[in-house]
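Note: the block below is my_file08.csv and it holds CSV, C-alpha atoms.
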chain,number,residue,atom,x,y,z
H,1,MET,CA,0.0,0.0,0.0
H,2,SER,CA,2.8,2.4,0.9
H,3,THR,CA,4.3,2.6,-2.5
H,4,ALA,CA,1.1,2.5,-4.5
H,5,THR,CA,0.3,6.1,-3.7
H,6,HIS,CA,3.1,8.0,-5.5
H,7,GLN,CA,1.6,9.1,-8.8
H,8,TRP,CA,3.4,8.6,-12.0
H,9,PRO,CA,3.7,11.7,-14.2
H,10,LEU,CA,1.0,12.4,-16.8
H,11,TRP,CA,1.9,12.2,-20.5
H,12,GLU,CA,0.0,13.6,-23.5
H,13,VAL,CA,-0.3,11.1,-26.4
H,14,PHE,CA,-0.2,12.2,-30.1
H,15,VAL,CA,-0.9,9.7,-32.9
H,16,ARG,CA,-0.1,10.0,-36.6
H,17,SER,CA,-2.9,8.1,-38.2
H,18,LYS,CA,-1.2,7.6,-41.5
H,19,ASN,CA,1.8,8.6,-43.5
H,20,GLY,CA,1.8,12.2,-44.6
H,21,LEU,CA,-0.6,13.4,-41.8
H,22,ALA,CA,0.4,15.3,-38.7
H,23,HIS,CA,0.3,13.8,-35.3
H,24,LYS,CA,-3.0,14.5,-33.5
H,25,HIS,CA,-3.7,14.6,-29.8
H,26,ALA,CA,-5.3,11.3,-28.8
H,27,GLY,CA,-5.5,11.6,-25.0
H,28,SER,CA,-3.3,11.2,-21.9
H,29,LEU,CA,-1.9,8.5,-19.6
H,30,HIS,CA,0.3,8.0,-16.5
H,31,ALA,CA,3.7,6.3,-16.9
H,32,PRO,CA,6.9,6.3,-14.9
H,33,ASP,CA,9.1,7.2,-18.0
H,34,ALA,CA,8.9,8.0,-21.7
H,35,GLU,CA,9.6,4.4,-22.7
H,36,MET,CA,6.7,3.0,-20.7
H,37,ALA,CA,4.5,5.9,-21.7
H,38,LEU,CA,5.1,4.9,-25.4
H,39,LYS,CA,4.3,1.2,-24.6
H,40,ASN,CA,1.1,2.1,-22.7
H,41,ALA,CA,0.1,4.5,-25.4
H,42,ARG,CA,0.3,1.8,-28.0
H,43,ASP,CA,-2.1,-0.4,-25.9
H,44,VAL,CA,-4.5,2.3,-24.9
H,45,TYR,CA,-4.7,4.4,-28.0
H,46,THR,CA,-3.9,2.1,-31.0
H,47,ARG,CA,-5.8,-1.2,-30.5
H,48,ARG,CA,-7.4,-0.9,-33.9
H,49,SER,CA,-4.6,0.3,-36.2
H,50,GLU,CA,-5.3,3.9,-35.4
H,51,GLY,CA,-1.8,4.9,-36.1
H,52,ILE,CA,1.7,4.4,-37.5
H,53,SER,CA,3.6,6.7,-35.2
H,54,ILE,CA,3.2,7.9,-31.6
H,55,TRP,CA,4.6,10.9,-29.7
H,56,VAL,CA,4.4,11.1,-25.9
H,57,VAL,CA,5.1,14.4,-24.2
H,58,PRO,CA,5.2,15.2,-20.5
H,59,SER,CA,1.9,17.1,-19.8
H,60,ALA,CA,3.9,19.5,-17.6
H,61,ALA,CA,6.0,20.5,-20.7
H,62,ILE,CA,3.0,21.9,-22.4
H,63,THR,CA,2.2,25.6,-22.0
H,64,ALA,CA,-1.3,26.5,-23.1
H,65,SER,CA,-2.9,29.8,-23.8
H,66,SER,CA,-5.6,30.8,-21.5
H,67,PRO,CA,-9.3,31.0,-22.7
H,68,ASP,CA,-9.3,34.6,-21.3
H,69,GLU,CA,-6.6,35.6,-23.8
H,70,LYS,CA,-8.7,34.4,-26.7
H,71,ASP,CA,-9.8,37.8,-27.8
H,72,VAL,CA,-6.4,39.4,-27.4
H,73,LEU,CA,-4.7,36.6,-29.3
H,74,PHE,CA,-7.2,35.8,-32.1
H,75,THR,CA,-9.6,38.6,-32.8
H,76,PRO,CA,-7.0,40.9,-34.4
H,77,SER,CA,-6.9,38.6,-37.4
H,78,ASP,CA,-10.7,38.8,-37.8
H,79,ASP,CA,-10.5,42.2,-39.5
H,80,LYS,CA,-7.6,41.5,-41.8
H,81,VAL,CA,-9.8,40.2,-44.7
H,82,TYR,CA,-7.0,41.2,-47.1
H,83,ARG,CA,-5.1,38.2,-45.9
H,84,HIS,CA,-7.7,36.0,-47.8
H,85,PRO,CA,-7.6,35.4,-51.6
H,86,THR,CA,-11.3,36.2,-51.9
H,87,PHE,CA,-10.6,39.8,-50.9
H,88,TYR,CA,-9.2,40.6,-54.4
H,89,ASP,CA,-11.3,41.2,-57.5
H,90,ILE,CA,-9.7,39.5,-60.4
H,91,PRO,CA,-11.6,39.4,-63.7
H,92,ASP,CA,-12.9,35.9,-64.7
H,93,GLU,CA,-11.1,36.2,-68.1
H,94,VAL,CA,-7.8,36.0,-66.3
H,95,GLY,CA,-8.6,32.4,-65.4
H,96,HIS,CA,-7.7,30.5,-62.3
H,97,MET,CA,-5.3,32.3,-60.0
A,98,MET,CA,-28.2,47.7,-21.6
A,99,GLY,CA,-25.6,48.0,-18.9
A,100,GLU,CA,-26.8,44.9,-17.2
A,101,THR,CA,-24.2,42.9,-15.4
A,102,HIS,CA,-24.2,39.2,-16.1
A,103,SER,CA,-22.9,36.8,-13.4
A,104,LEU,CA,-20.3,34.2,-14.4
A,105,GLU,CA,-23.0,31.6,-14.0
A,106,ASP,CA,-25.2,33.4,-16.5
A,107,CYS,CA,-22.4,33.6,-19.0
A,108,PHE,CA,-21.6,30.0,-18.5
A,109,GLN,CA,-25.2,29.0,-19.0
A,110,ALA,CA,-25.4,31.0,-22.2
A,111,PHE,CA,-22.2,29.5,-23.4
A,112,VAL,CA,-23.4,25.9,-23.0
A,113,GLU,CA,-26.8,26.7,-24.4
A,114,ALA,CA,-25.1,27.9,-27.6
A,115,GLU,CA,-23.7,24.4,-27.9
A,116,ASN,CA,-20.2,25.4,-27.1
A,117,LYS,CA,-17.8,22.8,-25.5
A,118,VAL,CA,-16.4,23.6,-22.1
A,119,GLU,CA,-12.6,23.0,-21.9
A,120,PRO,CA,-10.5,22.4,-18.8
A,121,LYS,CA,-9.2,25.9,-18.5
A,122,HIS,CA,-12.6,27.6,-18.9
A,123,TRP,CA,-14.4,29.0,-15.8
A,124,MET,CA,-17.1,26.6,-14.7
A,125,PRO,CA,-19.5,26.6,-11.7
A,126,ASP,CA,-18.3,24.4,-8.8
A,127,GLY,CA,-21.4,22.3,-9.1
A,128,TYR,CA,-20.7,21.6,-12.8
A,129,ARG,CA,-17.2,20.5,-11.9
A,130,LYS,CA,-18.3,18.3,-9.0
A,131,THR,CA,-21.1,16.7,-11.0
A,132,LEU,CA,-18.7,15.8,-13.8
A,133,VAL,CA,-16.0,14.5,-11.5
A,134,ARG,CA,-18.6,12.3,-9.8
A,135,GLN,CA,-20.2,11.2,-13.1
A,136,ILE,CA,-17.0,10.6,-15.1
A,137,SER,CA,-15.1,8.8,-12.3
A,138,GLN,CA,-18.2,6.6,-11.7
A,139,HIS,CA,-18.3,5.9,-15.4
A,140,ALA,CA,-14.6,5.0,-15.3
A,141,HIS,CA,-15.0,2.7,-12.3
A,142,SER,CA,-17.9,1.0,-14.1
A,143,GLU,CA,-15.6,0.1,-17.1
A,144,ILE,CA,-12.9,-1.2,-14.7
A,145,VAL,CA,-15.3,-3.2,-12.4
A,146,GLY,CA,-17.2,-4.3,-15.5
A,147,MET,CA,-14.2,-6.4,-16.6
A,148,LEU,CA,-14.7,-8.7,-13.6
A,149,PRO,CA,-17.9,-10.5,-14.5
A,150,GLU,CA,-16.6,-11.2,-17.9
A,151,ALA,CA,-13.1,-12.2,-16.9
A,152,ASN,CA,-14.8,-15.0,-15.1
A,153,TRP,CA,-15.5,-16.6,-18.5
A,154,ILE,CA,-12.2,-16.0,-20.3
A,155,THR,CA,-10.7,-19.4,-19.2
A,156,ARG,CA,-14.1,-21.1,-19.8
A,157,ALA,CA,-14.9,-19.7,-23.3
A,158,PRO,CA,-16.3,-22.5,-25.5
A,159,SER,CA,-13.9,-22.0,-28.4
A,160,LEU,CA,-10.6,-20.2,-29.3
A,161,ARG,CA,-12.6,-17.7,-31.4
A,162,ALA,CA,-14.9,-16.9,-28.4
A,163,LYS,CA,-11.9,-16.6,-26.1
A,164,LEU,CA,-10.1,-14.1,-28.4
A,165,ILE,CA,-13.2,-12.0,-28.8
A,166,LEU,CA,-13.8,-11.9,-25.0
A,167,LEU,CA,-10.2,-11.0,-24.3
A,168,ALA,CA,-10.4,-8.2,-26.8
A,169,LYS,CA,-13.6,-6.9,-25.3
A,170,VAL,CA,-12.3,-7.0,-21.7
A,171,GLN,CA,-9.1,-5.2,-22.9
A,172,ASP,CA,-11.3,-2.5,-24.5
A,173,GLU,CA,-13.1,-2.0,-21.2
A,174,ALA,CA,-9.7,-1.4,-19.5
A,175,GLY,CA,-8.9,1.1,-22.2
A,176,HIS,CA,-12.3,2.8,-21.8
A,177,GLY,CA,-11.7,3.1,-18.0
A,178,LEU,CA,-8.3,4.8,-18.8
A,179,TYR,CA,-9.8,7.3,-21.3
A,180,LEU,CA,-12.4,8.3,-18.7
A,181,TYR,CA,-10.0,8.6,-15.7
A,182,SER,CA,-7.9,10.9,-17.9
A,183,ALA,CA,-10.9,13.0,-18.7
A,184,ALA,CA,-11.8,13.3,-15.0
A,185,GLU,CA,-8.3,14.3,-14.2
A,186,THR,CA,-8.6,17.4,-16.4
A,187,LEU,CA,-11.1,18.6,-13.8
A,188,GLY,CA,-8.4,18.7,-11.1
A,189,THR,CA,-9.0,15.3,-9.3
A,190,SER,CA,-6.2,12.8,-9.2
A,191,ARG,CA,-6.1,9.2,-10.4
A,192,ASP,CA,-5.0,8.0,-6.9
A,193,GLN,CA,-7.9,9.8,-5.3
A,194,MET,CA,-10.4,8.2,-7.6
A,195,ILE,CA,-8.9,4.7,-7.1
A,196,ASP,CA,-9.0,5.2,-3.4
A,197,ASP,CA,-12.6,6.3,-3.5
A,198,LEU,CA,-13.5,3.2,-5.5
A,199,HIS,CA,-11.8,0.9,-3.1
A,200,SER,CA,-13.1,2.6,0.1
A,201,GLY,CA,-16.7,2.3,-1.3
A,202,LYS,CA,-17.1,6.0,-1.4
A,203,ALA,CA,-17.4,6.1,-5.2
A,204,LYS,CA,-20.1,4.1,-7.0
A,205,TYR,CA,-20.0,2.1,-10.2
A,206,SER,CA,-22.9,0.8,-12.2
A,207,SER,CA,-25.0,-1.5,-10.1
A,208,ILE,CA,-25.3,-4.0,-12.9
A,209,PHE,CA,-21.8,-5.4,-12.3
A,210,ASN,CA,-22.9,-6.7,-8.8
A,211,TYR,CA,-24.8,-9.5,-10.4
A,212,PRO,CA,-23.1,-12.9,-11.0
A,213,THR,CA,-22.3,-14.4,-14.4
A,214,LEU,CA,-23.5,-18.0,-14.0
A,215,THR,CA,-23.4,-19.4,-17.5
A,216,TRP,CA,-21.7,-18.7,-20.9
A,217,ALA,CA,-25.1,-17.2,-22.1
A,218,ASP,CA,-24.4,-14.4,-19.6
A,219,MET,CA,-21.6,-13.3,-21.8
A,220,GLY,CA,-24.2,-13.0,-24.6
A,221,ALA,CA,-26.7,-11.2,-22.4
A,222,ILE,CA,-24.1,-8.8,-21.1
A,223,GLY,CA,-22.8,-7.8,-24.5
A,224,TRP,CA,-26.3,-7.5,-26.0
A,225,LEU,CA,-28.2,-5.9,-23.1
A,226,VAL,CA,-25.6,-4.3,-20.7
A,227,ASP,CA,-23.4,-2.9,-23.5
A,228,GLY,CA,-26.5,-2.1,-25.5
A,229,ALA,CA,-27.9,0.0,-22.6
A,230,ALA,CA,-24.4,1.6,-22.0
A,231,ILE,CA,-24.2,2.5,-25.7
A,232,ALA,CA,-27.6,4.3,-25.6
A,233,ASN,CA,-26.3,6.4,-22.8
A,234,GLN,CA,-22.9,6.9,-24.3
A,235,VAL,CA,-24.2,8.0,-27.7
A,236,MET,CA,-26.0,10.7,-25.9
A,237,LEU,CA,-22.9,11.7,-24.0
A,238,CYS,CA,-20.9,12.2,-27.2
A,239,ARG,CA,-22.8,15.5,-27.3
A,240,THR,CA,-22.1,16.4,-23.6
A,241,SER,CA,-21.0,19.9,-22.9
A,242,TYR,CA,-17.6,19.0,-21.4
A,243,GLY,CA,-15.0,18.7,-24.2
A,244,PRO,CA,-12.7,16.0,-22.7
A,245,TYR,CA,-15.7,13.8,-21.7
A,246,SER,CA,-17.3,14.2,-25.1
A,247,ARG,CA,-14.1,13.2,-26.9
A,248,ALA,CA,-13.6,10.2,-24.7
A,249,MET,CA,-17.2,9.2,-25.5
A,250,VAL,CA,-16.7,9.4,-29.2
A,251,ARG,CA,-13.7,7.1,-29.0
A,252,ILE,CA,-15.6,4.7,-26.8
A,253,CYS,CA,-18.7,4.6,-28.9
A,254,LYS,CA,-16.6,3.7,-32.0
A,255,GLU,CA,-15.2,0.7,-30.2
A,256,GLU,CA,-18.3,-0.3,-28.3
A,257,SER,CA,-20.6,-1.5,-31.1
A,258,PHE,CA,-18.5,-4.6,-31.6
A,259,HIS,CA,-19.3,-5.4,-27.9
A,260,GLN,CA,-23.0,-5.4,-28.5
A,261,ARG,CA,-22.8,-7.3,-31.7
A,262,GLN,CA,-20.6,-10.1,-30.3
A,263,GLY,CA,-23.1,-10.5,-27.4
A,264,PHE,CA,-26.1,-10.7,-29.7
A,265,GLU,CA,-24.3,-13.3,-31.8
A,266,ILE,CA,-23.7,-15.5,-28.8
A,267,MET,CA,-27.4,-15.2,-27.8
A,268,MET,CA,-28.5,-15.9,-31.4
A,269,HIS,CA,-26.4,-19.0,-31.7
A,270,LEU,CA,-27.6,-20.4,-28.4
A,271,ALA,CA,-31.2,-19.6,-29.2
A,272,LYS,CA,-30.9,-21.5,-32.5
A,273,GLY,CA,-29.1,-24.4,-30.8
A,274,THR,CA,-30.3,-27.4,-28.8
A,275,PRO,CA,-33.3,-27.0,-26.4
A,276,GLU,CA,-30.8,-26.9,-23.5
A,277,GLN,CA,-28.8,-24.1,-25.2
A,278,LYS,CA,-32.0,-22.1,-25.9
A,279,ALA,CA,-33.1,-22.5,-22.3
A,280,MET,CA,-29.7,-21.3,-21.2
A,281,ALA,CA,-30.1,-18.2,-23.4
A,282,GLN,CA,-33.6,-17.6,-22.1
A,283,ASP,CA,-32.4,-18.0,-18.5
A,284,ALA,CA,-29.7,-15.4,-19.0
A,285,LEU,CA,-32.2,-13.0,-20.6
A,286,ASN,CA,-34.6,-13.5,-17.6
A,287,ARG,CA,-31.9,-12.6,-15.1
A,288,TRP,CA,-30.3,-9.7,-17.1
A,289,TRP,CA,-33.3,-7.9,-18.6
A,290,TRP,CA,-34.6,-6.0,-15.5
A,291,PRO,CA,-31.1,-5.0,-14.2
A,292,SER,CA,-30.3,-3.8,-17.7
A,293,ILE,CA,-33.2,-1.4,-17.9
A,294,MET,CA,-32.5,-0.2,-14.4
A,295,MET,CA,-29.1,0.9,-15.7
A,296,PHE,CA,-30.6,4.1,-16.9
A,297,GLY,CA,-31.2,5.1,-13.4
A,298,PRO,CA,-34.3,6.2,-11.4
A,299,SER,CA,-37.4,7.6,-13.2
A,300,ASP,CA,-37.1,11.3,-14.0
A,301,ASP,CA,-39.4,12.4,-11.0
A,302,GLN,CA,-37.1,10.4,-8.6
A,303,SER,CA,-33.9,11.8,-10.1
A,304,PRO,CA,-33.3,15.2,-8.6
A,305,ASN,CA,-29.9,15.9,-10.2
A,306,SER,CA,-31.1,15.1,-13.7
A,307,ALA,CA,-32.7,18.4,-14.3
A,308,GLN,CA,-29.6,20.4,-13.5
A,309,SER,CA,-27.5,18.0,-15.6
A,310,MET,CA,-29.8,18.6,-18.5
A,311,LYS,CA,-29.7,22.3,-18.0
A,312,TRP,CA,-25.9,22.3,-18.1
A,313,ARG,CA,-26.0,20.1,-21.2
A,314,ILE,CA,-24.1,17.3,-19.4
A,315,LYS,CA,-27.0,15.0,-20.2
A,316,ARG,CA,-29.0,15.5,-23.3
A,317,LYS,CA,-31.8,13.0,-22.6
A,318,SER,CA,-33.6,12.0,-19.5
A,319,ASN,CA,-33.3,8.5,-17.8
A,320,ASP,CA,-36.8,7.6,-18.9
A,321,GLU,CA,-36.3,8.7,-22.5
A,322,LEU,CA,-33.2,6.7,-22.8
A,323,ARG,CA,-34.8,3.6,-21.2
A,324,GLN,CA,-37.8,3.8,-23.5
A,325,GLU,CA,-35.5,4.1,-26.6
A,326,PHE,CA,-33.5,1.0,-25.4
A,327,ILE,CA,-36.6,-1.0,-24.8
A,328,ASP,CA,-38.2,-0.1,-28.2
A,329,LYS,CA,-35.0,-1.1,-29.9
A,330,THR,CA,-34.3,-4.3,-28.0
A,331,VAL,CA,-37.7,-6.0,-27.8
A,332,PRO,CA,-37.8,-6.8,-31.6
A,333,GLN,CA,-34.3,-8.1,-31.4
A,334,ALA,CA,-35.4,-10.7,-28.7
A,335,GLU,CA,-38.4,-11.6,-30.9
A,336,PHE,CA,-36.1,-12.1,-33.9
A,337,ILE,CA,-34.1,-14.8,-32.1
A,338,GLY,CA,-37.2,-16.3,-30.5
A,339,LEU,CA,-36.6,-15.4,-26.9
A,340,THR,CA,-39.2,-13.9,-24.6
A,341,MET,CA,-38.8,-10.8,-22.4
A,342,PRO,CA,-39.5,-11.6,-18.7
A,343,ASP,CA,-42.2,-9.0,-18.5
A,344,PRO,CA,-45.9,-10.0,-18.8
A,345,ASP,CA,-46.9,-6.3,-19.0
A,346,LEU,CA,-44.7,-5.7,-22.0
A,347,ARG,CA,-46.8,-4.8,-25.1
A,348,TRP,CA,-46.7,-2.5,-28.1
A,349,ASN,CA,-48.8,0.6,-27.6
A,350,GLU,CA,-50.2,1.7,-31.0
A,351,GLU,CA,-51.1,5.2,-29.7
A,352,THR,CA,-47.8,6.2,-28.2
A,353,GLY,CA,-45.7,4.3,-30.7
A,354,HIS,CA,-43.7,2.8,-27.9
A,355,TYR,CA,-43.7,-0.4,-25.8
A,356,ASP,CA,-45.4,-0.2,-22.4
A,357,PHE,CA,-43.6,-2.2,-19.8
A,358,GLY,CA,-44.1,-3.4,-16.2
A,359,THR,CA,-43.1,-1.8,-13.0
A,360,ILE,CA,-39.4,-1.7,-12.2
A,361,ASN,CA,-38.4,-3.0,-8.8
A,362,TRP,CA,-36.6,0.1,-7.6
A,363,THR,CA,-36.2,-1.4,-4.1
A,364,GLU,CA,-33.9,-3.9,-5.6
A,365,PHE,CA,-32.0,-1.2,-7.5
A,366,PHE,CA,-31.4,1.0,-4.4
A,367,ASP,CA,-30.6,-2.1,-2.4
A,368,VAL,CA,-27.8,-3.1,-4.8
A,369,ILE,CA,-26.5,0.4,-4.9
A,370,ALA,CA,-26.4,0.4,-1.1
A,371,GLY,CA,-24.0,-2.5,-1.3
A,372,ASN,CA,-26.4,-5.4,-0.8
A,373,GLY,CA,-26.3,-7.0,-4.3
A,374,PRO,CA,-25.2,-10.5,-4.8
A,375,CYS,CA,-21.5,-9.6,-5.7
A,376,ASN,CA,-20.8,-6.1,-4.3
A,377,ALA,CA,-18.3,-7.4,-1.7
A,378,GLU,CA,-16.7,-9.9,-4.1
A,379,ARG,CA,-16.2,-7.2,-6.8
A,380,LEU,CA,-14.5,-4.7,-4.5
A,381,ALA,CA,-12.4,-7.4,-2.9
A,382,ALA,CA,-11.2,-8.5,-6.4
A,383,ARG,CA,-10.3,-4.9,-7.3
A,384,GLN,CA,-8.5,-4.3,-4.1
A,385,LYS,CA,-6.6,-7.6,-4.5
A,386,ALA,CA,-5.5,-6.8,-8.0
A,387,HIS,CA,-4.4,-3.4,-6.9
A,388,ASP,CA,-2.4,-4.7,-4.0
A,389,GLU,CA,-0.9,-7.6,-5.9
A,390,GLY,CA,0.1,-5.2,-8.7
A,391,ALA,CA,2.0,-3.0,-6.3
A,392,TRP,CA,5.4,-4.7,-7.0
A,393,VAL,CA,4.9,-4.1,-10.8
A,394,ARG,CA,4.4,-0.4,-10.2
A,395,ASP,CA,7.3,-0.2,-7.9
A,396,ALA,CA,9.6,-2.1,-10.3
A,397,ALA,CA,8.6,0.3,-13.2
A,398,THR,CA,9.3,3.3,-11.0
A,399,ALA,CA,12.7,1.9,-9.9
A,400,TYR,CA,13.6,1.1,-13.5
A,401,ALA,CA,12.6,4.5,-14.7
A,402,ALA,CA,14.8,6.1,-12.1
A,403,LYS,CA,17.7,3.9,-13.1
A,404,GLN,CA,17.3,4.7,-16.8
A,405,ALA,CA,17.0,8.4,-16.0
A,406,SER,CA,20.3,8.4,-14.2
A,407,ARG,CA,22.0,6.7,-17.2
A,408,VAL,CA,20.4,8.9,-19.8
A,409,ALA,CA,21.5,12.0,-18.1
A,410,SER,CA,24.9,11.6,-19.7
A,411,ARG,CA,23.7,10.9,-23.3
A,412,PRO,CA,23.3,13.7,-25.9
A,413,THR,CA,19.8,15.2,-26.2
A,414,GLN,CA,17.5,14.7,-29.1
A,415,THR,CA,16.3,17.9,-30.7
A,416,HIS,CA,13.6,16.9,-33.1
A,417,ALA,CA,10.7,14.4,-32.7
A,418,ALA,CA,10.7,12.0,-35.6
Final structure tokens representation of the file:
Amino acid sequence: MSTATHQWPLWEVFVRSKNGLAHKHAGSLHAPDAEMALKNARDVYTRRSEGISIWVVPSAAITASSPDEKDVLFTPSDDKVYRHPTFYDIPDEVGHM
Amino acid sequence: MGETHSLEDCFQAFVEAENKVEPKHWMPDGYRKTLVRQISQHAHSEIVGMLPEANWITRAPSLRAKLILLAKVQDEAGHGLYLYSAAETLGTSRDQMIDDLHSGKAKYSSIFNYPTLTWADMGAIGWLVDGAAIANQVMLCRTSYGPYSRAMVRICKEESFHQRQGFEIMMHLAKGTPEQKAMAQDALNRWWWPSIMMFGPSDDQSPNSAQSMKWRIKRKSNDELRQEFIDKTVPQAEFIGLTMPDPDLRWNEETGHYDFGTINWTEFFDVIAGNGPCNAERLAARQKAHDEGAWVRDAATAYAAKQASRVASRPTQTHAA
């Protein structure tokens, strides 16, 4: 009982579903080290050929933006319509551009 | 208008607009507590749910049946882990949840406190127990809490094989010898009522339900889900020639649903209170597995520490492959 209570660190698991695609967050798990995290991730998150490659990252190593900063971070780009191709009027005769 | 809106009002508007709540969002304490209770209870059910089926792994009637049962039980372990992870995003710890399960403070689905007496019980559990769980889980794919919803999507994808393999077992037994058919009928007789109790007390007896619906944690009431499950399952029983153990069960042309008999809620609450046939046995089995696995966890921790001290001298990797 005494030893059972120290909690292993949390790892975030990212899985590449197939060649050419980016790794995507699949979930998290506890493991004593990276090697065990990888082995556990294989059993927990890829029992049905969900992936061809796995990344495990210590959860503590991830810095996330806060939901409160959402406006500060992301709304400035909302009024920059000139960053999108549809902002520009190009005559149809020019063809695809 | 210059009105001030409380955080609770903003939160309510946010979930009503079908937005997902994420771990770092502000949420009412009650919302957090309800989710920790519900998700951990759900995780415990997956874990304890392995026990009644594990009973039949060594007794499976064929290698095919054994492989399927092993895969199913392994899935349940995985589902428990997805759900513990989701609960942890709310600030509770894995150890706390496990302790609460072992001390009896946390609950798990009362259905797992019934014994699995014959091979047909593997069929009845897959068909009925997993079937009822799926009805609930499909609804929970749309729950307002993001990590819970994503865990549910993953679980639902995997779960439909569980129900189909169960129905296949029942179908084969029902088409078999008279003894096999009787075995299937007996399993149905024992599992039907506990299965429809899985949706929980009737809406008027379920005080937390209304708040959960308001927060969009639940999207359908206990009675609605139960009725859907019954409507879907009765024709399946008829198809394989088995009879539901409910003399009051009949199709109601007017409502377009099956009417069914009175559920024995005394039994339900009694099993939840710890007096079911297998409550003590299930908890003892969990505790034993946890205690007897302690050396494995210790060894893994010691090995990790040893590896870390060796790796400290190696050059560091700069890019993930």
Self-check item: Proximal residues of chain H relative to chain A (all atoms listed in the file; 9 Å) as a VMD selection string
Solution: chain H and resid 1 3 to 8 27 to 36 43 to 45 47 to 48 53 55 66 to 68
Quiz item: What does the distance from CA of His141 (chain A) to CA of Tyr205 (chain A) come to in Å, to one decimal?
Solution: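 Answer for the CA of His141 (chain A) to CA of Tyr205 (chain A) separation: 5.5 Å.
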Practice problem: Skip region 124-136 of chain A itself and residues of its chain fewer than 2 positions away, then list as a list in words all residues within 6 Å of it, counting only C-alpha atoms. | Solution: Gln138, His139 and Ala184 of chain A
Quiz item: Could you name the residues that touch Lys24 (chain H) at 7 Å or less, counting only C-alpha atoms, but leaving out those on the same chain fewer than 5 positions away, as an NGL selection string?
Solution: :H and (14-16)
Quiz item: Which residues, written as an MDAnalysis selection string, have at least one atom at most 9 Å from Arg347 (chain A), with only C-alpha atoms counted and residues fewer than 4 positions away on the same chain left out?
Solution: chainID A and resid 354:357
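The smallest atom-to-atom distance between Ile222 (chain A) and any of A:Lys169, A:His269, A:Arg383, A:His199, using all atoms listed in the file, is found for A:Lys169.
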Exercise. Write out as a list in words each polymer residue whose atoms come within 12 Å of Asn372 (chain A), counting only C-alpha atoms; drop sequence neighbours fewer than 6 positions from it.
Key: Ser207, Asn210, Tyr211, Thr363, Glu364, Phe365, Phe366, Glu378 and Arg379 of chain A
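Counting only C-alpha atoms, the residue from A:Leu339, A:Leu237, A:Val145, A:Leu166 that sits nearest to Trp216 (chain A) is A:Leu166.
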Quiz prompt | One-decimal distance in Å that lies between CA of Gly220 (chain A) and CA of Asn319 (chain A) | solution = 24.3 Å
Quiz item: Interatomic distance between CA of Met280 (chain A) and CA of Gly223 (chain A)?
Solution: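 Going from CA of Met280 (chain A) over to CA of Gly223 (chain A), I get 15.5 Å.
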Quiz item: Neighbours of Ile52 (chain H) within 9 Å (all atoms listed in the file; same-chain residues fewer than 2 positions away dropped), as a list in words?
Solution: Val15, Arg16, Ser17, Lys18, Asn19, Thr46, Ser49, Glu50 and Ile54 of chain H
